[in-house]
Amino acid sequence: MKPAPKLGGRVAIVTGTSPNIGGGIAEGLAAEGAIVVAVDSIAANAHDCADYIAKNGGQALGLVCDVTDEAQVEATIGAVLRTFGRVDILVNNAAFFNKKGVLDMPYAEFEKQSGVILGGAFLFTKHAARAMMGRSGAAPGGVVINIISTAGHQGEPGNIAYSTAKAGLLNFTRSAAMELVGHGIRVNSLTPTATDPSESFERARRWGRAVEKPPGLDKVMRPFREGIPMKKLPVPSDYGRAVAFLASDDAAMITGTDLRVDAGAVARYWAWDPKAGATV
């Protein structure tokens, strides 16, 4: 007999729902029975994700929102409450890449990137947590999951705003977990690493997008695969299953914790080359 879904009927908001990591997380939550609210500043990402889930037997809603605009965040949470009556799960995944270092990144760009990653998580956690606490006819409670990166654990050159904001999310997770634990809200984080892009291209095609893998991409990704202990990169659906676990009752006693789905990247001893075998 097929086991019951872990998240049946729970309402999950996911910010940043491109066909890459956010899309994989959204589909993973839907696979476990969650009602998914796909949120993105790009309308196609929000609506394509939600439409795909709905066309395949799930329940979903796509909403466009700038995660750095508090009025838009409040309006988004309000729309979720009007449509579904509750918020149970929040996944703060919104981010974008702008790989520049401390010497050449303009401050305005630093502010913008860290504002989306860290500021967006702050605003959505603030207003989603209020919704979780204010449910009528039901005990307060819920789950917040922040998406980090191995770049938030390690010193990556030439990626100053992204790395700094992701590191900030680690302690935001711990601080929010302690603040919200008395309200029945668990707050955890999940750390992905460099991600195999093949599934993202396949997901984009399933969503109806005409995409082709850029030439030379396999060559670009080879050092990541060869340098990681498991010698295999995760795909977004790996993160989706892990997020579904953290959001479920199976993780009921876990809060303030980071779950790394990184094929051993952060745990690796710095001087060890995985290609060399078991000795340094």
# chains A, B, ... in the order shown; residues from 1 in each chain; ligands from 1
>>> closest_atom_pairs(of="region 171-193 of chain A", to="region 3-22 of chain A", cutoff="12 Å", atoms="only C-alpha atoms", output="CSV")
residue,atom,partner,partner_atom,distance
A:Leu190,CA,A:Ile21,CA,11.6
A:Thr191,CA,A:Ile21,CA,11.3
A:Pro192,CA,A:Ile21,CA,8.7
A:Thr193,CA,A:Ile21,CA,10.4
>>> closest_atom_pairs(of="region 117-213 of chain A", to="region 266-274 of chain A", cutoff="10 Å", atoms="only C-alpha atoms", output="JSON lines")
{"residue": "A:Ser149", "atom": "CA", "partner": "A:Val266", "partner_atom": "CA", "distance": 9.9}
{"residue": "A:Thr150", "atom": "CA", "partner": "A:Val266", "partner_atom": "CA", "distance": 6.5}
{"residue": "A:Ala151", "atom": "CA", "partner": "A:Val266", "partner_atom": "CA", "distance": 9.3}
{"residue": "A:His153", "atom": "CA", "partner": "A:Val266", "partner_atom": "CA", "distance": 7.1}
{"residue": "A:Gln154", "atom": "CA", "partner": "A:Val266", "partner_atom": "CA", "distance": 7.6}
{"residue": "A:Thr191", "atom": "CA", "partner": "A:Val266", "partner_atom": "CA", "distance": 9.5}
{"residue": "A:Thr193", "atom": "CA", "partner": "A:Val266", "partner_atom": "CA", "distance": 9.0}
>>> write_last_selection(atoms="N, CA and C atoms", output="PDB file, in the first residue's frame")
ATOM      1  N   SER A 149      23.731  27.773   0.907  1.00  0.00           N
ATOM      2  CA  SER A 149      24.633  27.375  -0.174  1.00  0.00           C
ATOM      3  C   SER A 149      25.948  26.996   0.483  1.00  0.00           C
ATOM      4  N   THR A 150      26.704  26.116  -0.158  1.00  0.00           N
ATOM      5  CA  THR A 150      28.040  25.858   0.369  1.00  0.00           C
ATOM      6  C   THR A 150      28.864  27.143   0.377  1.00  0.00           C
ATOM      7  N   ALA A 151      28.534  28.103  -0.490  1.00  0.00           N
ATOM      8  CA  ALA A 151      29.221  29.399  -0.490  1.00  0.00           C
ATOM      9  C   ALA A 151      28.971  30.171   0.797  1.00  0.00           C
ATOM     10  N   HIS A 153      29.094  28.702   3.710  1.00  0.00           N
ATOM     11  CA  HIS A 153      29.897  28.016   4.732  1.00  0.00           C
ATOM     12  C   HIS A 153      31.394  28.225   4.513  1.00  0.00           C
ATOM     13  N   GLN A 154      31.774  28.595   3.301  1.00  0.00           N
ATOM     14  CA  GLN A 154      33.180  28.638   2.924  1.00  0.00           C
ATOM     15  C   GLN A 154      33.518  29.993   2.301  1.00  0.00           C
ATOM     16  N   THR A 191      21.319  23.305   2.986  1.00  0.00           N
ATOM     17  CA  THR A 191      22.454  23.755   2.192  1.00  0.00           C
ATOM     18  C   THR A 191      22.611  22.895   0.940  1.00  0.00           C
ATOM     19  N   THR A 193      24.599  22.536  -2.919  1.00  0.00           N
ATOM     20  CA  THR A 193      25.920  22.851  -3.440  1.00  0.00           C
ATOM     21  C   THR A 193      25.791  23.071  -4.949  1.00  0.00           C
TER      22      THR A 193
END
>>> residues_around(residues="Leu81 (chain A)", least_positions_apart="3", cutoff="12 Å", atoms="only C-alpha atoms", output="MDAnalysis selection string")
chainID A and resid 11:13 37 61 74:78 84:88 127:128 130:132 134:136
>>> select_by_dssp(residues="region 154-237 of chain A", states="strand (DSSP E)", output="VMD selection string")
chain A and resid 185 to 191
>>> closest_residue(among="A:Ala54, A:Ala204, A:Ile117, A:Ala30", to="Ala161 (chain A)", atoms="only C-alpha atoms")
A:Ile117
>>> atom_distance(atom1="CA of Ser114 (chain A)", atom2="CA of Ala165 (chain A)")
5.2 Å
>>> closest_atom_pairs(of="region 111-230 of chain A", to="region 92-107 of chain A", cutoff="6 Å", atoms="only C-alpha atoms", output="Markdown table")
| residue | atom | partner | partner_atom | distance |
| --- | --- | --- | --- | --- |
| A:Val116 | CA | A:Ala95 | CA | 5.9 |
| A:Ile117 | CA | A:Ala95 | CA | 5.1 |
| A:Ala121 | CA | A:Asn92 | CA | 5.4 |
| A:Asn146 | CA | A:Asn92 | CA | 4.8 |
| A:Ile147 | CA | A:Asn93 | CA | 5.2 |
| A:Gly158 | CA | A:Gly101 | CA | 3.8 |
| A:Asn159 | CA | A:Lys99 | CA | 4.6 |
| A:Ile160 | CA | A:Gly101 | CA | 5.2 |
>>> closest_residue(among="A:Glu156, A:Phe224, A:Lys213, A:Gly58", to="Ile35 (chain A)", atoms="only C-alpha atoms")
A:Gly58
>>> closest_residue(among="A:Val187, A:Leu90, A:Ala242, A:Cys65", to="Val261 (chain A)", atoms="only C-alpha atoms")
A:Ala242
>>> select_by_dssp(residues="region 9-253 of chain A", states="alpha helix (DSSP H)", output="NGL selection string")
:A and (21-31 or 43-55 or 70-84 or 107-114 or 120-133 or 160-180 or 198-206 or 217-227 or 236-247)
>>> atom_distance(atom1="CA of Ala167 (chain A)", atom2="CA of Asp258 (chain A)")
11.5 Å
>>> closest_residue(among="A:Gly33, A:Gly152, A:Gly62, A:Gly24", to="Thr195 (chain A)", atoms="only C-alpha atoms")
A:Gly24
>>> residues_around(residues="Glu70 (chain A)", least_positions_apart="3", cutoff="9 Å", atoms="only C-alpha atoms", output="ChimeraX atom specification")
/A:66-67,73-75,120,123-124
>>> residues_around(residues="Val144 (chain A)", least_positions_apart="3", cutoff="8 Å", atoms="only C-alpha atoms", output="VMD selection string")
chain A and resid 89 to 92 125 185 to 188 247
>>> closest_residue(among="A:Ala263, A:Ala31, A:Ile228, A:Ile145", to="Ala251 (chain A)", atoms="only C-alpha atoms")
A:Ile145
>>> residues_around(residues="Met230 (chain A)", least_positions_apart="4", cutoff="10 Å", atoms="only C-alpha atoms", output="PyMOL selection string")
chain A and resi 225-226+234+262-265+274
>>> write_last_selection(atoms="N, CA, C and O atoms", output="PDB file, in the first residue's frame")
ATOM      1  N   ARG A 225      32.107  18.169 -10.355  1.00  0.00           N
ATOM      2  CA  ARG A 225      31.841  16.746 -10.132  1.00  0.00           C
ATOM      3  C   ARG A 225      33.084  16.019  -9.636  1.00  0.00           C
ATOM      4  O   ARG A 225      33.007  15.178  -8.735  1.00  0.00           O
ATOM      5  N   GLU A 226      34.227  16.334 -10.212  1.00  0.00           N
ATOM      6  CA  GLU A 226      35.450  15.615  -9.850  1.00  0.00           C
ATOM      7  C   GLU A 226      35.997  16.044  -8.495  1.00  0.00           C
ATOM      8  O   GLU A 226      36.710  15.283  -7.843  1.00  0.00           O
ATOM      9  N   PRO A 234      24.374  16.805  -6.649  1.00  0.00           N
ATOM     10  CA  PRO A 234      22.934  16.685  -6.420  1.00  0.00           C
ATOM     11  C   PRO A 234      22.142  17.315  -7.562  1.00  0.00           C
ATOM     12  O   PRO A 234      22.655  18.138  -8.323  1.00  0.00           O
ATOM     13  N   ASP A 262      24.931  18.172   0.113  1.00  0.00           N
ATOM     14  CA  ASP A 262      26.042  18.752  -0.642  1.00  0.00           C
ATOM     15  C   ASP A 262      27.078  17.730  -1.084  1.00  0.00           C
ATOM     16  O   ASP A 262      28.193  18.105  -1.467  1.00  0.00           O
ATOM     17  N   ALA A 263      26.716  16.444  -1.041  1.00  0.00           N
ATOM     18  CA  ALA A 263      27.613  15.370  -1.494  1.00  0.00           C
ATOM     19  C   ALA A 263      28.962  15.405  -0.767  1.00  0.00           C
ATOM     20  O   ALA A 263      29.971  14.958  -1.299  1.00  0.00           O
ATOM     21  N   GLY A 264      28.975  15.935   0.445  1.00  0.00           N
ATOM     22  CA  GLY A 264      30.185  15.964   1.252  1.00  0.00           C
ATOM     23  C   GLY A 264      31.057  17.186   1.080  1.00  0.00           C
ATOM     24  O   GLY A 264      32.161  17.246   1.626  1.00  0.00           O
ATOM     25  N   ALA A 265      30.577  18.208   0.360  1.00  0.00           N
ATOM     26  CA  ALA A 265      31.423  19.352   0.004  1.00  0.00           C
ATOM     27  C   ALA A 265      31.967  20.097   1.218  1.00  0.00           C
ATOM     28  O   ALA A 265      33.162  20.390   1.303  1.00  0.00           O
ATOM     29  N   PRO A 274      39.607  14.593  -3.762  1.00  0.00           N
ATOM     30  CA  PRO A 274      38.863  13.329  -3.888  1.00  0.00           C
ATOM     31  C   PRO A 274      39.383  12.443  -5.020  1.00  0.00           C
ATOM     32  O   PRO A 274      39.243  11.209  -4.949  1.00  0.00           O
TER      33      PRO A 274
END
>>> atom_distance(atom1="CA of Ala50 (chain A)", atom2="CA of Ala79 (chain A)")
14.9 Å
>>> residues_around(residues="Gly256 (chain A)", least_positions_apart="3", cutoff="8 Å", atoms="only C-alpha atoms", output="PyMOL selection string")
chain A and resi 173-178+186-189
>>> write_last_selection(atoms="N, CA and C atoms", output="PDB file, in the first residue's frame")
ATOM      1  N   THR A 173      18.598  31.814  10.668  1.00  0.00           N
ATOM      2  CA  THR A 173      17.860  30.584  10.944  1.00  0.00           C
ATOM      3  C   THR A 173      17.882  30.260  12.426  1.00  0.00           C
ATOM      4  N   ARG A 174      19.075  30.296  13.030  1.00  0.00           N
ATOM      5  CA  ARG A 174      19.183  29.948  14.445  1.00  0.00           C
ATOM      6  C   ARG A 174      18.458  30.959  15.328  1.00  0.00           C
ATOM      7  N   SER A 175      18.616  32.240  15.020  1.00  0.00           N
ATOM      8  CA  SER A 175      17.975  33.271  15.828  1.00  0.00           C
ATOM      9  C   SER A 175      16.454  33.196  15.716  1.00  0.00           C
ATOM     10  N   ALA A 176      15.947  33.081  14.488  1.00  0.00           N
ATOM     11  CA  ALA A 176      14.494  32.984  14.303  1.00  0.00           C
ATOM     12  C   ALA A 176      13.939  31.721  14.944  1.00  0.00           C
ATOM     13  N   ALA A 177      14.706  30.631  14.892  1.00  0.00           N
ATOM     14  CA  ALA A 177      14.254  29.385  15.508  1.00  0.00           C
ATOM     15  C   ALA A 177      14.038  29.567  17.009  1.00  0.00           C
ATOM     16  N   MET A 178      14.961  30.274  17.664  1.00  0.00           N
ATOM     17  CA  MET A 178      14.823  30.484  19.098  1.00  0.00           C
ATOM     18  C   MET A 178      13.673  31.438  19.414  1.00  0.00           C
ATOM     19  N   ARG A 186       8.899  25.839  13.745  1.00  0.00           N
ATOM     20  CA  ARG A 186      10.267  25.338  13.594  1.00  0.00           C
ATOM     21  C   ARG A 186      10.950  26.073  12.443  1.00  0.00           C
ATOM     22  N   VAL A 187      12.217  26.427  12.627  1.00  0.00           N
ATOM     23  CA  VAL A 187      12.983  27.123  11.592  1.00  0.00           C
ATOM     24  C   VAL A 187      14.290  26.377  11.373  1.00  0.00           C
ATOM     25  N   ASN A 188      14.497  25.914  10.170  1.00  0.00           N
ATOM     26  CA  ASN A 188      15.717  25.190   9.805  1.00  0.00           C
ATOM     27  C   ASN A 188      16.239  25.709   8.468  1.00  0.00           C
ATOM     28  N   SER A 189      17.417  25.250   8.101  1.00  0.00           N
ATOM     29  CA  SER A 189      17.956  25.614   6.794  1.00  0.00           C
ATOM     30  C   SER A 189      18.437  24.369   6.068  1.00  0.00           C
TER      31      SER A 189
END
>>> closest_residue(among="A:Leu170, A:Ile148, A:Val211, A:Leu63", to="Val80 (chain A)", atoms="only C-alpha atoms")
A:Leu63
>>> decode(residues="region 91-164 of chain A", atoms="C-alpha atoms", output="PDB file, in the first residue's frame")
ATOM      1  CA  VAL A  91      10.682  28.054   1.966  1.00  0.00           C
ATOM      2  CA  ASN A  92      12.910  31.105   1.532  1.00  0.00           C
ATOM      3  CA  ASN A  93      14.763  30.370  -1.685  1.00  0.00           C
ATOM      4  CA  ALA A  94      14.701  33.654  -3.635  1.00  0.00           C
ATOM      5  CA  ALA A  95      18.184  34.599  -4.849  1.00  0.00           C
ATOM      6  CA  PHE A  96      20.108  35.667  -7.917  1.00  0.00           C
ATOM      7  CA  PHE A  97      23.734  35.482  -9.011  1.00  0.00           C
ATOM      8  CA  ASN A  98      26.017  38.463  -9.466  1.00  0.00           C
ATOM      9  CA  LYS A  99      29.533  37.099  -9.071  1.00  0.00           C
ATOM     10  CA  LYS A 100      31.716  40.044  -8.150  1.00  0.00           C
ATOM     11  CA  GLY A 101      34.336  40.488  -5.458  1.00  0.00           C
ATOM     12  CA  VAL A 102      34.804  43.015  -2.684  1.00  0.00           C
ATOM     13  CA  LEU A 103      37.147  45.136  -4.813  1.00  0.00           C
ATOM     14  CA  ASP A 104      34.905  45.530  -7.852  1.00  0.00           C
ATOM     15  CA  MET A 105      31.287  45.205  -6.679  1.00  0.00           C
ATOM     16  CA  PRO A 106      29.393  48.512  -6.420  1.00  0.00           C
ATOM     17  CA  TYR A 107      27.681  48.963  -3.059  1.00  0.00           C
ATOM     18  CA  ALA A 108      24.283  49.318  -4.727  1.00  0.00           C
ATOM     19  CA  GLU A 109      24.713  45.860  -6.267  1.00  0.00           C
ATOM     20  CA  PHE A 110      25.828  44.430  -2.916  1.00  0.00           C
ATOM     21  CA  GLU A 111      22.717  45.886  -1.286  1.00  0.00           C
ATOM     22  CA  LYS A 112      20.419  44.589  -4.022  1.00  0.00           C
ATOM     23  CA  GLN A 113      21.730  41.025  -3.959  1.00  0.00           C
ATOM     24  CA  SER A 114      21.896  40.718  -0.185  1.00  0.00           C
ATOM     25  CA  GLY A 115      18.496  42.392  -0.011  1.00  0.00           C
ATOM     26  CA  VAL A 116      16.863  39.650  -2.057  1.00  0.00           C
ATOM     27  CA  ILE A 117      18.622  36.764  -0.300  1.00  0.00           C
ATOM     28  CA  LEU A 118      18.670  37.946   3.304  1.00  0.00           C
ATOM     29  CA  GLY A 119      16.151  40.783   3.337  1.00  0.00           C
ATOM     30  CA  GLY A 120      13.583  38.719   1.435  1.00  0.00           C
ATOM     31  CA  ALA A 121      13.916  35.870   3.930  1.00  0.00           C
ATOM     32  CA  PHE A 122      13.461  38.347   6.790  1.00  0.00           C
ATOM     33  CA  LEU A 123      10.300  39.869   5.314  1.00  0.00           C
ATOM     34  CA  PHE A 124       8.652  36.601   4.317  1.00  0.00           C
ATOM     35  CA  THR A 125       9.510  34.970   7.649  1.00  0.00           C
ATOM     36  CA  LYS A 126       8.114  37.971   9.533  1.00  0.00           C
ATOM     37  CA  HIS A 127       4.762  37.958   7.763  1.00  0.00           C
ATOM     38  CA  ALA A 128       4.385  34.207   7.246  1.00  0.00           C
ATOM     39  CA  ALA A 129       5.164  33.587  10.926  1.00  0.00           C
ATOM     40  CA  ARG A 130       2.471  36.091  11.912  1.00  0.00           C
ATOM     41  CA  ALA A 131       0.026  34.173   9.728  1.00  0.00           C
ATOM     42  CA  MET A 132       1.112  30.870  11.285  1.00  0.00           C
ATOM     43  CA  MET A 133       0.600  32.323  14.777  1.00  0.00           C
ATOM     44  CA  GLY A 134      -2.768  33.905  13.993  1.00  0.00           C
ATOM     45  CA  ARG A 135      -4.685  30.934  12.640  1.00  0.00           C
ATOM     46  CA  SER A 136      -8.258  30.823  13.886  1.00  0.00           C
ATOM     47  CA  GLY A 137      -9.689  27.496  14.944  1.00  0.00           C
ATOM     48  CA  ALA A 138      -6.352  25.733  14.885  1.00  0.00           C
ATOM     49  CA  ALA A 139      -3.246  25.602  17.038  1.00  0.00           C
ATOM     50  CA  PRO A 140      -0.521  28.000  15.889  1.00  0.00           C
ATOM     51  CA  GLY A 141       2.574  26.536  14.321  1.00  0.00           C
ATOM     52  CA  GLY A 142       4.413  25.937  11.102  1.00  0.00           C
ATOM     53  CA  VAL A 143       7.780  25.450   9.462  1.00  0.00           C
ATOM     54  CA  VAL A 144      10.264  27.870   7.895  1.00  0.00           C
ATOM     55  CA  ILE A 145      13.130  26.531   5.776  1.00  0.00           C
ATOM     56  CA  ASN A 146      15.893  28.804   4.495  1.00  0.00           C
ATOM     57  CA  ILE A 147      17.962  27.743   1.495  1.00  0.00           C
ATOM     58  CA  ILE A 148      21.666  28.378   2.044  1.00  0.00           C
ATOM     59  CA  SER A 149      24.633  27.375  -0.174  1.00  0.00           C
ATOM     60  CA  THR A 150      28.040  25.858   0.369  1.00  0.00           C
ATOM     61  CA  ALA A 151      29.221  29.399  -0.490  1.00  0.00           C
ATOM     62  CA  GLY A 152      27.672  30.446   2.828  1.00  0.00           C
ATOM     63  CA  HIS A 153      29.897  28.016   4.732  1.00  0.00           C
ATOM     64  CA  GLN A 154      33.180  28.638   2.924  1.00  0.00           C
ATOM     65  CA  GLY A 155      35.219  31.561   1.659  1.00  0.00           C
ATOM     66  CA  GLU A 156      34.482  31.815  -2.067  1.00  0.00           C
ATOM     67  CA  PRO A 157      36.432  34.570  -3.833  1.00  0.00           C
ATOM     68  CA  GLY A 158      34.662  36.805  -6.304  1.00  0.00           C
ATOM     69  CA  ASN A 159      31.190  36.161  -4.900  1.00  0.00           C
ATOM     70  CA  ILE A 160      31.080  38.524  -1.954  1.00  0.00           C
ATOM     71  CA  ALA A 161      27.415  39.525  -1.671  1.00  0.00           C
ATOM     72  CA  TYR A 162      26.011  36.051  -2.323  1.00  0.00           C
ATOM     73  CA  SER A 163      28.404  34.348   0.108  1.00  0.00           C
ATOM     74  CA  THR A 164      27.871  36.976   2.802  1.00  0.00           C
TER      75      THR A 164
END
